[in-house]
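Q: Dropping in data.cif, with mmCIF, C-alpha atoms.
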```cif
data_protein
loop_
_atom_site.group_PDB
_atom_site.id
_atom_site.type_symbol
_atom_site.label_atom_id
_atom_site.label_comp_id
_atom_site.auth_asym_id
_atom_site.auth_seq_id
_atom_site.Cartn_x
_atom_site.Cartn_y
_atom_site.Cartn_z
ATOM 1 C CA MET U 1 56.600 119.200 109.578
ATOM 2 C CA THR U 2 60.236 120.315 109.586
ATOM 3 C CA SER U 3 62.080 120.024 112.874
ATOM 4 C CA SER U 4 63.779 123.160 114.179
ATOM 5 C CA GLN U 5 66.290 121.127 116.130
ATOM 6 C CA PRO U 6 69.883 121.172 114.831
ATOM 7 C CA ASP U 7 71.276 118.031 113.275
ATOM 8 C CA TYR U 8 73.819 117.116 115.941
ATOM 9 C CA LYS U 9 74.895 113.952 114.146
ATOM 10 C CA SER U 10 75.646 115.865 110.924
ATOM 11 C CA THR U 11 77.513 118.575 112.794
ATOM 12 C CA SER U 12 79.554 115.978 114.645
ATOM 13 C CA THR U 13 80.381 114.108 111.441
ATOM 14 C CA TRP U 14 81.618 117.229 109.677
ATOM 15 C CA THR U 15 83.651 118.207 112.728
ATOM 16 C CA GLU U 16 85.285 114.790 112.695
ATOM 17 C CA ILE U 17 86.059 115.138 108.982
ATOM 18 C CA VAL U 18 87.742 118.488 109.705
ATOM 19 C CA HIS U 19 89.808 116.714 112.361
ATOM 20 C CA LEU U 20 90.580 113.872 109.952
ATOM 21 C CA LEU U 21 91.926 116.436 107.467
ATOM 22 C CA ARG U 22 93.852 118.145 110.326
ATOM 23 C CA TRP U 23 92.359 121.490 109.371
ATOM 24 C CA HIS U 24 92.092 122.277 113.083
ATOM 25 C CA LYS U 25 95.914 122.121 113.192
ATOM 26 C CA PRO U 26 97.023 124.529 110.454
ATOM 27 C CA GLU U 27 100.744 124.298 111.210
ATOM 28 C CA GLY U 28 100.932 120.939 109.434
ATOM 29 C CA ARG U 29 99.354 122.435 106.309
ATOM 30 C CA LEU U 30 101.517 125.544 106.421
ATOM 31 C CA ILE U 31 104.787 123.677 106.831
ATOM 32 C CA LEU U 32 104.141 121.844 103.538
ATOM 33 C CA MET U 33 103.008 125.027 101.822
ATOM 34 C CA ILE U 34 106.167 126.948 102.779
ATOM 35 C CA PRO U 35 108.681 125.055 100.563
ATOM 36 C CA ALA U 36 106.243 125.341 97.657
ATOM 37 C CA LEU U 37 106.086 129.115 98.171
ATOM 38 C CA TRP U 38 109.892 129.265 98.485
ATOM 39 C CA ALA U 39 110.147 127.600 95.082
ATOM 40 C CA ILE U 40 107.638 129.913 93.403
ATOM 41 C CA VAL U 41 109.362 133.034 94.726
ATOM 42 C CA LEU U 42 112.872 131.921 93.792
ATOM 43 C CA ALA U 43 111.960 130.466 90.404
ATOM 44 C CA SER U 44 110.103 133.666 89.453
ATOM 45 C CA LYS U 45 112.921 135.897 90.777
ATOM 46 C CA GLY U 46 110.680 137.463 93.370
ATOM 47 C CA ASN U 47 107.656 138.104 91.118
ATOM 48 C CA PRO U 48 105.421 135.030 91.332
ATOM 49 C CA PRO U 49 102.166 135.150 89.327
ATOM 50 C CA ALA U 50 99.148 135.456 91.626
ATOM 51 C CA PRO U 51 97.068 132.721 89.892
ATOM 52 C CA LEU U 52 99.893 130.228 90.334
ATOM 53 C CA ILE U 53 100.228 131.129 94.010
ATOM 54 C CA ALA U 54 96.523 130.416 94.452
ATOM 55 C CA ILE U 55 96.790 127.060 92.665
ATOM 56 C CA VAL U 56 99.814 125.995 94.697
ATOM 57 C CA ILE U 57 98.224 127.007 98.010
ATOM 58 C CA ALA U 58 95.047 125.104 97.178
ATOM 59 C CA GLY U 59 97.083 122.169 95.902
ATOM 60 C CA THR U 60 99.187 121.890 99.055
ATOM 61 C CA ILE U 61 96.051 122.027 101.218
ATOM 62 C CA ALA U 62 94.432 119.240 99.182
ATOM 63 C CA THR U 63 97.602 117.134 99.062
ATOM 64 C CA SER U 64 98.404 117.460 102.753
ATOM 65 C CA ALA U 65 94.780 116.617 103.573
ATOM 66 C CA ALA U 66 94.988 113.491 101.424
ATOM 67 C CA GLY U 67 98.258 112.542 103.076
ATOM 68 C CA CYS U 68 96.782 112.895 106.557
ATOM 69 C CA VAL U 69 93.813 110.675 105.689
ATOM 70 C CA VAL U 70 96.012 108.043 104.060
ATOM 71 C CA ASN U 71 98.257 108.063 107.129
ATOM 72 C CA ASP U 72 95.269 107.552 109.431
ATOM 73 C CA LEU U 73 93.889 104.760 107.230
ATOM 74 C CA TRP U 74 97.208 102.920 107.528
ATOM 75 C CA ASP U 75 97.455 103.555 111.286
ATOM 76 C CA ARG U 76 93.829 103.175 112.357
ATOM 77 C CA ASN U 77 94.709 100.136 114.510
ATOM 78 C CA ILE U 78 97.969 101.595 115.851
ATOM 79 C CA ASP U 79 96.834 105.122 116.691
ATOM 80 C CA PRO U 80 94.475 103.991 119.492
ATOM 81 C CA GLN U 81 97.527 102.689 121.370
ATOM 82 C CA VAL U 82 99.452 105.989 121.190
ATOM 83 C CA GLU U 83 98.605 108.799 123.583
ATOM 84 C CA ARG U 84 99.059 111.590 121.024
ATOM 85 C CA THR U 85 96.952 109.947 118.302
ATOM 86 C CA ARG U 86 94.259 107.946 120.079
ATOM 87 C CA THR U 87 91.580 110.613 119.560
ATOM 88 C CA ARG U 88 91.992 110.784 115.770
ATOM 89 C CA PRO U 89 88.639 110.047 114.121
ATOM 90 C CA LEU U 90 89.557 106.715 112.494
ATOM 91 C CA ALA U 91 91.394 105.581 115.617
ATOM 92 C CA ALA U 92 88.500 106.554 117.894
ATOM 93 C CA ARG U 93 86.031 105.022 115.393
ATOM 94 C CA THR U 94 84.059 108.283 115.243
ATOM 95 C CA LEU U 95 84.367 107.964 111.459
ATOM 96 C CA THR U 96 84.140 104.723 109.503
ATOM 97 C CA LEU U 97 86.780 103.269 107.216
ATOM 98 C CA GLN U 98 84.489 103.901 104.245
ATOM 99 C CA VAL U 99 84.209 107.616 105.075
ATOM 100 C CA GLY U 100 87.997 107.829 105.338
ATOM 101 C CA VAL U 101 88.456 106.272 101.906
ATOM 102 C CA VAL U 102 85.904 108.631 100.346
ATOM 103 C CA VAL U 103 87.479 111.712 101.953
ATOM 104 C CA ALA U 104 90.941 110.647 100.735
ATOM 105 C CA ALA U 105 89.589 110.105 97.223
ATOM 106 C CA VAL U 106 87.968 113.547 97.179
ATOM 107 C CA ALA U 107 91.175 115.208 98.409
ATOM 108 C CA PHE U 108 93.261 113.437 95.753
ATOM 109 C CA ALA U 109 90.680 114.363 93.100
ATOM 110 C CA CYS U 110 90.918 118.032 94.084
ATOM 111 C CA ALA U 111 94.713 117.891 93.900
ATOM 112 C CA PHE U 112 94.516 116.187 90.499
ATOM 113 C CA GLY U 113 92.155 118.845 89.137
ATOM 114 C CA LEU U 114 94.487 121.618 90.253
ATOM 115 C CA SER U 115 97.515 119.855 88.738
ATOM 116 C CA LEU U 116 95.917 120.155 85.288
ATOM 117 C CA TYR U 117 96.621 123.896 85.381
ATOM 118 C CA LEU U 118 100.372 123.340 85.759
ATOM 119 C CA THR U 119 103.098 122.683 83.185
ATOM 120 C CA PRO U 120 103.509 119.146 81.798
ATOM 121 C CA LEU U 121 106.611 118.543 83.931
ATOM 122 C CA SER U 122 104.819 119.757 87.050
ATOM 123 C CA PHE U 123 101.859 117.531 86.279
ATOM 124 C CA TRP U 124 103.987 114.398 86.005
ATOM 125 C CA LEU U 125 105.863 115.319 89.170
ATOM 126 C CA CYS U 126 102.464 115.477 90.892
ATOM 127 C CA VAL U 127 101.732 111.984 89.598
ATOM 128 C CA ALA U 128 105.134 110.736 90.790
ATOM 129 C CA ALA U 129 104.521 112.177 94.272
ATOM 130 C CA VAL U 130 101.352 110.135 94.854
ATOM 131 C CA PRO U 131 103.044 106.734 95.486
ATOM 132 C CA VAL U 132 105.438 108.375 97.938
ATOM 133 C CA ILE U 133 102.543 109.969 99.824
ATOM 134 C CA VAL U 134 100.559 106.727 99.884
ATOM 135 C CA LEU U 135 103.480 104.496 100.896
ATOM 136 C CA TYR U 136 105.016 106.749 103.579
ATOM 137 C CA PRO U 137 102.842 105.385 106.418
ATOM 138 C CA GLY U 138 103.831 101.861 105.441
ATOM 139 C CA ALA U 139 107.490 102.856 105.550
ATOM 140 C CA LYS U 140 107.165 103.249 109.318
ATOM 141 C CA ARG U 141 106.749 99.487 109.499
ATOM 142 C CA VAL U 142 109.673 98.386 107.316
ATOM 143 C CA PHE U 143 112.153 101.270 106.889
ATOM 144 C CA PRO U 144 114.372 102.393 109.791
ATOM 145 C CA VAL U 145 114.196 106.119 108.932
ATOM 146 C CA PRO U 146 110.674 106.710 107.567
ATOM 147 C CA GLN U 147 111.145 110.467 107.982
ATOM 148 C CA LEU U 148 113.412 110.286 104.933
ATOM 149 C CA VAL U 149 110.442 109.071 102.864
ATOM 150 C CA LEU U 150 108.342 111.923 104.249
ATOM 151 C CA SER U 151 111.138 114.367 103.433
ATOM 152 C CA ILE U 152 111.233 113.188 99.832
ATOM 153 C CA ALA U 153 107.475 113.660 99.665
ATOM 154 C CA TRP U 154 107.932 117.197 101.029
ATOM 155 C CA GLY U 155 110.632 117.799 98.434
ATOM 156 C CA PHE U 156 108.128 117.226 95.641
ATOM 157 C CA ALA U 157 106.462 120.497 96.695
ATOM 158 C CA VAL U 158 109.643 122.307 95.638
ATOM 159 C CA LEU U 159 110.078 120.490 92.340
ATOM 160 C CA ILE U 160 106.414 120.814 91.352
ATOM 161 C CA SER U 161 106.252 124.521 92.158
ATOM 162 C CA TRP U 162 109.596 125.402 90.603
ATOM 163 C CA SER U 163 108.793 123.619 87.345
ATOM 164 C CA ALA U 164 105.341 125.239 87.340
ATOM 165 C CA VAL U 165 107.129 128.584 86.934
ATOM 166 C CA THR U 166 110.003 127.676 84.615
ATOM 167 C CA GLY U 167 108.944 124.416 82.993
ATOM 168 C CA THR U 168 112.363 122.963 83.897
ATOM 169 C CA LEU U 169 114.470 121.994 86.927
ATOM 170 C CA GLY U 170 117.853 123.679 87.218
ATOM 171 C CA LEU U 171 120.542 123.794 89.895
ATOM 172 C CA GLY U 172 118.545 126.218 92.032
ATOM 173 C CA ALA U 173 115.587 123.836 92.168
ATOM 174 C CA TRP U 174 117.731 120.915 93.292
ATOM 175 C CA LEU U 175 119.539 122.967 95.920
ATOM 176 C CA LEU U 176 116.203 124.098 97.346
ATOM 177 C CA TRP U 177 114.998 120.486 97.213
ATOM 178 C CA ALA U 178 118.037 119.356 99.209
ATOM 179 C CA ALA U 179 117.510 122.119 101.792
ATOM 180 C CA THR U 180 113.843 121.129 102.127
ATOM 181 C CA VAL U 181 114.675 117.438 102.600
ATOM 182 C CA LEU U 182 117.221 118.267 105.321
ATOM 183 C CA TRP U 183 114.888 120.725 107.044
ATOM 184 C CA THR U 184 112.040 118.192 107.013
ATOM 185 C CA LEU U 185 114.292 115.513 108.483
ATOM 186 C CA GLY U 186 115.147 117.964 111.250
ATOM 187 C CA PHE U 187 111.694 119.183 112.244
ATOM 188 C CA ASP U 188 109.952 115.829 111.774
ATOM 189 C CA THR U 189 112.514 114.060 113.931
ATOM 190 C CA ILE U 190 111.720 116.627 116.629
ATOM 191 C CA TYR U 191 108.021 115.892 116.072
ATOM 192 C CA ALA U 192 108.658 112.135 116.503
ATOM 193 C CA MET U 193 110.615 112.425 119.752
ATOM 194 C CA PRO U 194 107.714 112.377 122.255
ATOM 195 C CA ASP U 195 106.345 109.216 120.594
ATOM 196 C CA ARG U 196 109.514 107.190 121.204
ATOM 197 C CA PRO U 197 108.171 105.047 124.090
ATOM 198 C CA ASP U 198 104.964 104.181 122.200
ATOM 199 C CA ASP U 199 106.771 103.599 118.893
ATOM 200 C CA LYS U 200 109.281 101.280 120.559
ATOM 201 C CA ARG U 201 106.532 99.327 122.297
ATOM 202 C CA LEU U 202 104.540 98.947 119.072
ATOM 203 C CA GLY U 203 107.522 98.179 116.829
ATOM 204 C CA VAL U 204 107.050 101.310 114.711
ATOM 205 C CA ASN U 205 110.174 102.870 113.202
ATOM 206 C CA SER U 206 111.157 106.534 113.406
ATOM 207 C CA SER U 207 114.297 108.607 112.985
ATOM 208 C CA ALA U 208 113.988 109.577 116.662
ATOM 209 C CA LEU U 209 114.436 105.901 117.585
ATOM 210 C CA PHE U 210 116.975 105.112 114.871
ATOM 211 C CA PHE U 211 119.492 107.727 116.045
ATOM 212 C CA GLY U 212 119.011 106.795 119.689
ATOM 213 C CA LYS U 213 121.173 108.760 122.098
ATOM 214 C CA TYR U 214 122.610 110.698 119.164
ATOM 215 C CA VAL U 215 119.229 112.018 118.007
ATOM 216 C CA GLU U 216 119.962 115.618 119.037
ATOM 217 C CA TRP U 217 123.222 115.511 117.091
ATOM 218 C CA ALA U 218 121.373 114.121 114.076
ATOM 219 C CA ILE U 219 118.882 116.998 114.250
ATOM 220 C CA ALA U 220 121.784 119.439 114.536
ATOM 221 C CA PHE U 221 123.381 117.870 111.457
ATOM 222 C CA PHE U 222 120.154 118.185 109.460
ATOM 223 C CA LEU U 223 119.609 121.818 110.443
ATOM 224 C CA VAL U 224 123.236 122.828 109.906
ATOM 225 C CA GLY U 225 122.985 121.117 106.526
ATOM 226 C CA THR U 226 119.851 123.125 105.782
ATOM 227 C CA VAL U 227 121.626 126.407 106.527
ATOM 228 C CA THR U 228 124.651 125.346 104.472
ATOM 229 C CA VAL U 229 122.600 124.416 101.393
ATOM 230 C CA LEU U 230 120.479 127.565 101.687
ATOM 231 C CA ALA U 231 123.693 129.612 101.815
ATOM 232 C CA ILE U 232 124.963 127.899 98.658
ATOM 233 C CA LEU U 233 121.562 128.557 97.072
ATOM 234 C CA GLY U 234 121.673 132.249 97.971
ATOM 235 C CA ASN U 235 125.128 132.580 96.459
ATOM 236 C CA THR U 236 124.117 130.653 93.323
ATOM 237 C CA LEU U 237 121.085 132.881 92.751
ATOM 238 C CA ASN U 238 122.945 136.078 93.707
ATOM 239 C CA LEU U 239 120.367 136.995 96.331
ATOM 240 C CA HIS U 240 120.798 140.321 98.143
ATOM 241 C CA TRP U 241 121.265 141.147 101.818
ATOM 242 C CA GLY U 242 117.588 140.731 102.766
ATOM 243 C CA TYR U 243 117.937 136.992 102.181
ATOM 244 C CA TRP U 244 121.107 136.712 104.231
ATOM 245 C CA ILE U 245 119.579 138.498 107.212
ATOM 246 C CA ALA U 246 116.650 136.071 107.153
ATOM 247 C CA LEU U 247 119.012 133.097 106.921
ATOM 248 C CA VAL U 248 120.995 134.324 109.940
ATOM 249 C CA VAL U 249 117.780 134.761 111.947
ATOM 250 C CA ALA U 250 116.643 131.252 110.975
ATOM 251 C CA ALA U 251 120.027 129.823 111.947
ATOM 252 C CA LEU U 252 119.809 131.488 115.371
ATOM 253 C CA PHE U 253 116.371 129.970 115.964
ATOM 254 C CA TRP U 254 117.654 126.533 114.986
ATOM 255 C CA ILE U 255 120.682 126.891 117.290
ATOM 256 C CA ARG U 256 118.277 127.710 120.114
ATOM 257 C CA GLU U 257 116.174 124.637 119.289
ATOM 258 C CA ILE U 258 119.224 122.371 119.408
ATOM 259 C CA TRP U 259 120.251 123.915 122.740
ATOM 260 C CA ILE U 260 116.784 123.202 124.178
ATOM 261 C CA LEU U 261 116.877 119.601 122.926
ATOM 262 C CA ARG U 262 120.310 119.059 124.443
ATOM 263 C CA ARG U 263 119.131 120.086 127.927
ATOM 264 C CA SER U 264 117.378 116.782 128.635
ATOM 265 C CA ALA U 265 117.044 113.316 127.112
ATOM 266 C CA GLN U 266 113.237 113.536 127.446
ATOM 267 C CA LEU U 267 111.489 116.903 127.513
ATOM 268 C CA PRO U 268 107.748 117.401 128.139
ATOM 269 C CA SER U 269 105.737 116.508 125.028
ATOM 270 C CA LYS U 270 104.442 120.067 124.657
ATOM 271 C CA ILE U 271 108.016 121.355 124.212
ATOM 272 C CA TYR U 272 108.562 119.159 121.172
ATOM 273 C CA GLY U 273 105.268 120.414 119.762
ATOM 274 C CA GLN U 274 106.316 124.013 120.340
ATOM 275 C CA LEU U 275 109.633 123.470 118.581
ATOM 276 C CA PHE U 276 107.849 121.858 115.640
ATOM 277 C CA ARG U 277 105.423 124.791 115.350
ATOM 278 C CA GLU U 278 108.293 127.251 115.619
ATOM 279 C CA ASN U 279 109.602 125.894 112.332
ATOM 280 C CA VAL U 280 106.506 127.262 110.598
ATOM 281 C CA TRP U 281 107.525 130.789 111.593
ATOM 282 C CA ILE U 282 111.133 130.094 110.644
ATOM 283 C CA GLY U 283 109.896 129.023 107.218
ATOM 284 C CA PHE U 284 107.952 132.260 106.792
ATOM 285 C CA ILE U 285 110.994 134.291 107.879
ATOM 286 C CA LEU U 286 112.990 132.587 105.136
ATOM 287 C CA LEU U 287 110.160 133.197 102.663
ATOM 288 C CA ALA U 288 110.243 136.920 103.454
ATOM 289 C CA GLY U 289 114.022 136.861 103.034
ATOM 290 C CA MET U 290 113.678 135.242 99.615
ATOM 291 C CA VAL U 291 111.287 137.971 98.500
ATOM 292 C CA LEU U 292 113.608 140.663 99.844
ATOM 293 C CA GLY U 293 116.609 138.876 98.361
ATOM 294 C CA TYR U 294 115.487 139.994 94.902
ATOM 295 C CA ARG U 295 114.442 143.476 95.962
ATOM 296 C CA LEU U 296 116.944 144.717 98.569
#
```
Re-express the file's structure as structure tokens.
A:
Amino acid sequence: MTSSQPDYKSTSTWTEIVHLLRWHKPEGRLILMIPALWAIVLASKGNPPAPLIAIVIAGTIATSAAGCVVNDLWDRNIDPQVERTRTRPLAARTLTLQVGVVVAAVAFACAFGLSLYLTPLSFWLCVAAVPVIVLYPGAKRVFPVPQLVLSIAWGFAVLISWSAVTGTLGLGAWLLWAATVLWTLGFDTIYAMPDRPDDKRLGVNSSALFFGKYVEWAIAFFLVGTVTVLAILGNTLNLHWGYWIALVVAALFWIREIWILRRSAQLPSKIYGQLFRENVWIGFILLAGMVLGYRL
């Protein structure tokens, strides 16, 4: 006789897997996807092929999911001691270590399958990105600015997507890579700021701790650098006024963020989260400007 009662254990397990993959927090997936979309638009001069867009979107979702699981596998004994992360499935022991390993393997397998549809250069860049993704969580234990490692990992999204369109990497690709690295250093340092007391207590490194009382100035430097490199990129690619309007709007948002950060040495945690999420919308504004930069 078949029971009509729902399988609460199964439902709970799948919910925890969704949380492990961070699919309930889409901003983290989108903020990796944005540089990849920037690269496709710019490399294709505003006319990206739809199949490639689909592959890149699926690939960034799979890769970011794998990265989240790997991060939680590394930090499963640290996360329970941090307020922001103590409810993560591996930290809370609502999922086992074995489940985490299997989920990571499936996510990497999906990313690998999608990479087979790319150019040879893009494929090997995907392969090169894997050690960076896997080792980033360990960098928090030995490297004073682990956000730089994360930024390099983020930069692979640009190189992979650009070479998927052109088969090569020219000046435009490297300028966009530099802008992405600087932008990631900026927004991820903001993201790390509320964790400073816990990170210091646990001996975990972060750029927010490394720059100390100068952290707001460091973020300002990264974001000003982002605007500067994006301006050089726009001039190099001869983008039209639609791009420049978007860049000005993005710069104004970033100026506002720096002003907010400068108001107090320690803001409420939710403010840092809001500023991080705001960068998703800034990224989409720039994406729209890149599209318009070839059309207006």
Q: Pick from U:Arg196, U:His19, U:Gly242, U:Phe222: nearest to Leu267 of chain U, with all atoms listed in the file counted?
A: U:Arg196
Q: Out of U:Thr180, U:Met193, U:Val127, U:Leu116, which residue has the shortest atom-to-atom distance to Pro268 of chain U when counting all atoms listed in the file?
A: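 Residue with the minimum atom-to-atom distance to Pro268 of chain U: U:Met193.
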Q: Run the PyMOL selection byres ((chain U and resi 274) around 12) mentally over the shown coordinates, then write out the matched residues as a short mmCIF file (atom, residue, chain, number, x, y, z; two decimals) with C-alpha atoms, in the coordinates of the input, using the chain letters and numbers from the document.
A:
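Final output, part.cif:
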```cif
data_model
loop_
_atom_site.label_atom_id
_atom_site.label_comp_id
_atom_site.auth_asym_id
_atom_site.auth_seq_id
_atom_site.Cartn_x
_atom_site.Cartn_y
_atom_site.Cartn_z
CA GLU U 27 100.74 124.30 111.21
CA PHE U 187 111.69 119.18 112.24
CA ILE U 190 111.72 116.63 116.63
CA TYR U 191 108.02 115.89 116.07
CA PRO U 194 107.71 112.38 122.26
CA GLU U 257 116.17 124.64 119.29
CA ILE U 260 116.78 123.20 124.18
CA LEU U 261 116.88 119.60 122.93
CA LEU U 267 111.49 116.90 127.51
CA PRO U 268 107.75 117.40 128.14
CA SER U 269 105.74 116.51 125.03
CA LYS U 270 104.44 120.07 124.66
CA ILE U 271 108.02 121.36 124.21
CA TYR U 272 108.56 119.16 121.17
CA GLY U 273 105.27 120.41 119.76
CA LEU U 275 109.63 123.47 118.58
CA PHE U 276 107.85 121.86 115.64
CA ARG U 277 105.42 124.79 115.35
CA GLU U 278 108.29 127.25 115.62
CA ASN U 279 109.60 125.89 112.33
CA VAL U 280 106.51 127.26 110.60
CA TRP U 281 107.52 130.79 111.59
#
```
Q: Considering all atoms listed in the file, can you say which of U:Val204, U:Cys126, U:Leu73, U:Leu30 comes closest to Ile57 of chain U?
A: U:Leu30
Q: Val229 of chain U: which residues within 8 Å, counting only C-alpha atoms, same-chain residues fewer than 4 positions away excluded, as number ranges by chain?
A: U: 175-176, 178-179, 225, 233
Q: Care to translate the PyMOL selection byres ((chain U and resi 36) around 8) into actual residues of this file, as a list in words?
A: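 The output of the PyMOL selection byres ((chain U and resi 36) around 8) on this file is Leu32, Met33, Ile34, Pro35, Leu37, Trp38, Ala39, Ile40, Val56, Thr60, Ala157, Val158, Ile160, Ser161 and Trp162 of chain U.
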Q: Kindly export the residues of the current selection with C-alpha atoms, as a CSV table (one decimal), in the frame of the given file.
A:
```
chain,number,residue,atom,x,y,z
U,32,LEU,CA,104.1,121.8,103.5
U,33,MET,CA,103.0,125.0,101.8
U,34,ILE,CA,106.2,126.9,102.8
U,35,PRO,CA,108.7,125.1,100.6
U,37,LEU,CA,106.1,129.1,98.2
U,38,TRP,CA,109.9,129.3,98.5
U,39,ALA,CA,110.1,127.6,95.1
U,40,ILE,CA,107.6,129.9,93.4
U,56,VAL,CA,99.8,126.0,94.7
U,60,THR,CA,99.2,121.9,99.1
U,157,ALA,CA,106.5,120.5,96.7
U,158,VAL,CA,109.6,122.3,95.6
U,160,ILE,CA,106.4,120.8,91.4
U,161,SER,CA,106.3,124.5,92.2
U,162,TRP,CA,109.6,125.4,90.6
```
Q: For this file, the PyMOL selection byres ((chain U and resi 43) around 10) selects which residues, as a list in words?
A: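 So the PyMOL selection byres ((chain U and resi 43) around 10), applied here, picks out Leu37, Trp38, Ala39, Ile40, Val41, Leu42, Ser44, Lys45, Gly46, Asn47, Pro48, Val158, Ser161, Trp162, Ser163, Ala164, Val165, Thr166, Thr168, Leu169, Gly170, Gly172, Ala173 and Leu237 of chain U.
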Q: Suppose you want the space between atom CA of Asp75 of chain U and atom CA of Leu90 of chain U; what is it in Å?
A: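 Distance reported for this atom pair: 8.6 Å.
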Q: Compute the distance from (113.8, 132.6, 109.3) to each atom, counting all atoms listed in the file, keep the residues with any atom at most 9 Å away, and return them as a ChimeraX atom specification; use the coordinates of the file.
A: /U:245-253,279,281-289
Q: Please produce an output containing C-alpha atoms for each residue in the selection, written as a PDB file, in the frame of the given file.
A:
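Result went into selection-v1.pdb, see below:
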```
ATOM      1  CA  ILE U 245     119.579 138.498 107.212  1.00  0.00           C
ATOM      2  CA  ALA U 246     116.650 136.071 107.153  1.00  0.00           C
ATOM      3  CA  LEU U 247     119.012 133.097 106.921  1.00  0.00           C
ATOM      4  CA  VAL U 248     120.995 134.324 109.940  1.00  0.00           C
ATOM      5  CA  VAL U 249     117.780 134.761 111.947  1.00  0.00           C
ATOM      6  CA  ALA U 250     116.643 131.252 110.975  1.00  0.00           C
ATOM      7  CA  ALA U 251     120.027 129.823 111.947  1.00  0.00           C
ATOM      8  CA  LEU U 252     119.809 131.488 115.371  1.00  0.00           C
ATOM      9  CA  PHE U 253     116.371 129.970 115.964  1.00  0.00           C
ATOM     10  CA  ASN U 279     109.602 125.894 112.332  1.00  0.00           C
ATOM     11  CA  TRP U 281     107.525 130.789 111.593  1.00  0.00           C
ATOM     12  CA  ILE U 282     111.133 130.094 110.644  1.00  0.00           C
ATOM     13  CA  GLY U 283     109.896 129.023 107.218  1.00  0.00           C
ATOM     14  CA  PHE U 284     107.952 132.260 106.792  1.00  0.00           C
ATOM     15  CA  ILE U 285     110.994 134.291 107.879  1.00  0.00           C
ATOM     16  CA  LEU U 286     112.990 132.587 105.136  1.00  0.00           C
ATOM     17  CA  LEU U 287     110.160 133.197 102.663  1.00  0.00           C
ATOM     18  CA  ALA U 288     110.243 136.920 103.454  1.00  0.00           C
ATOM     19  CA  GLY U 289     114.022 136.861 103.034  1.00  0.00           C
TER      20      GLY U 289
END
```
Q: Calculate how many Å separate atom CA of Gly155 of chain U from atom CA of Asp72 of chain U, rounding to one decimal.
A: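 About the pair atom CA of Gly155 of chain U and atom CA of Asp72 of chain U: they are 21.5 Å apart.
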Q: Closest to Trp241 of chain U among U:Pro197, U:Ala218, U:Thr226, U:Tyr294, using only C-alpha atoms?
A: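 With only C-alpha atoms as the atom set, the closest residue is U:Tyr294.
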Q: For segment 22-35 of chain U, which lacks atoms in the input, supply N, CA and C atoms and format the output as an mmCIF file, in the frame of the given file.
A:
```cif
data_model
loop_
_atom_site.group_PDB
_atom_site.id
_atom_site.type_symbol
_atom_site.label_atom_id
_atom_site.label_comp_id
_atom_site.auth_asym_id
_atom_site.auth_seq_id
_atom_site.Cartn_x
_atom_site.Cartn_y
_atom_site.Cartn_z
ATOM 1 N N ARG U 22 92.934 117.342 109.492
ATOM 2 C CA ARG U 22 93.852 118.145 110.326
ATOM 3 C C ARG U 22 93.701 119.645 110.071
ATOM 4 N N TRP U 23 92.552 120.069 109.620
ATOM 5 C CA TRP U 23 92.359 121.490 109.371
ATOM 6 C C TRP U 23 92.271 122.283 110.672
ATOM 7 N N HIS U 24 92.077 121.589 111.788
ATOM 8 C CA HIS U 24 92.092 122.277 113.083
ATOM 9 C C HIS U 24 93.521 122.472 113.592
ATOM 10 N N LYS U 25 94.503 121.944 112.850
ATOM 11 C CA LYS U 25 95.914 122.121 113.192
ATOM 12 C C LYS U 25 96.636 122.670 111.960
ATOM 13 N N PRO U 26 96.529 123.964 111.721
ATOM 14 C CA PRO U 26 97.023 124.529 110.454
ATOM 15 C C PRO U 26 98.533 124.472 110.279
ATOM 16 N N GLU U 27 99.286 124.295 111.368
ATOM 17 C CA GLU U 27 100.744 124.298 111.210
ATOM 18 C C GLU U 27 101.219 123.177 110.288
ATOM 19 N N GLY U 28 100.540 122.035 110.315
ATOM 20 C CA GLY U 28 100.932 120.939 109.434
ATOM 21 C C GLY U 28 100.677 121.237 107.970
ATOM 22 N N ARG U 29 99.641 122.033 107.683
ATOM 23 C CA ARG U 29 99.354 122.435 106.309
ATOM 24 C C ARG U 29 100.339 123.505 105.864
ATOM 25 N N LEU U 30 100.627 124.434 106.763
ATOM 26 C CA LEU U 30 101.517 125.544 106.421
ATOM 27 C C LEU U 30 102.945 125.070 106.172
ATOM 28 N N ILE U 31 103.386 124.084 106.935
ATOM 29 C CA ILE U 31 104.787 123.677 106.831
ATOM 30 C C ILE U 31 105.054 122.909 105.528
ATOM 31 N N LEU U 32 103.992 122.399 104.886
ATOM 32 C CA LEU U 32 104.141 121.844 103.538
ATOM 33 C C LEU U 32 104.050 122.946 102.495
ATOM 34 N N MET U 33 103.205 123.934 102.758
ATOM 35 C CA MET U 33 103.008 125.027 101.822
ATOM 36 C C MET U 33 104.262 125.892 101.686
ATOM 37 N N ILE U 34 105.017 126.029 102.766
ATOM 38 C CA ILE U 34 106.167 126.948 102.779
ATOM 39 C C ILE U 34 107.206 126.601 101.714
ATOM 40 N N PRO U 35 107.697 125.349 101.619
ATOM 41 C CA PRO U 35 108.681 125.055 100.563
ATOM 42 C C PRO U 35 108.143 125.308 99.163
#
```
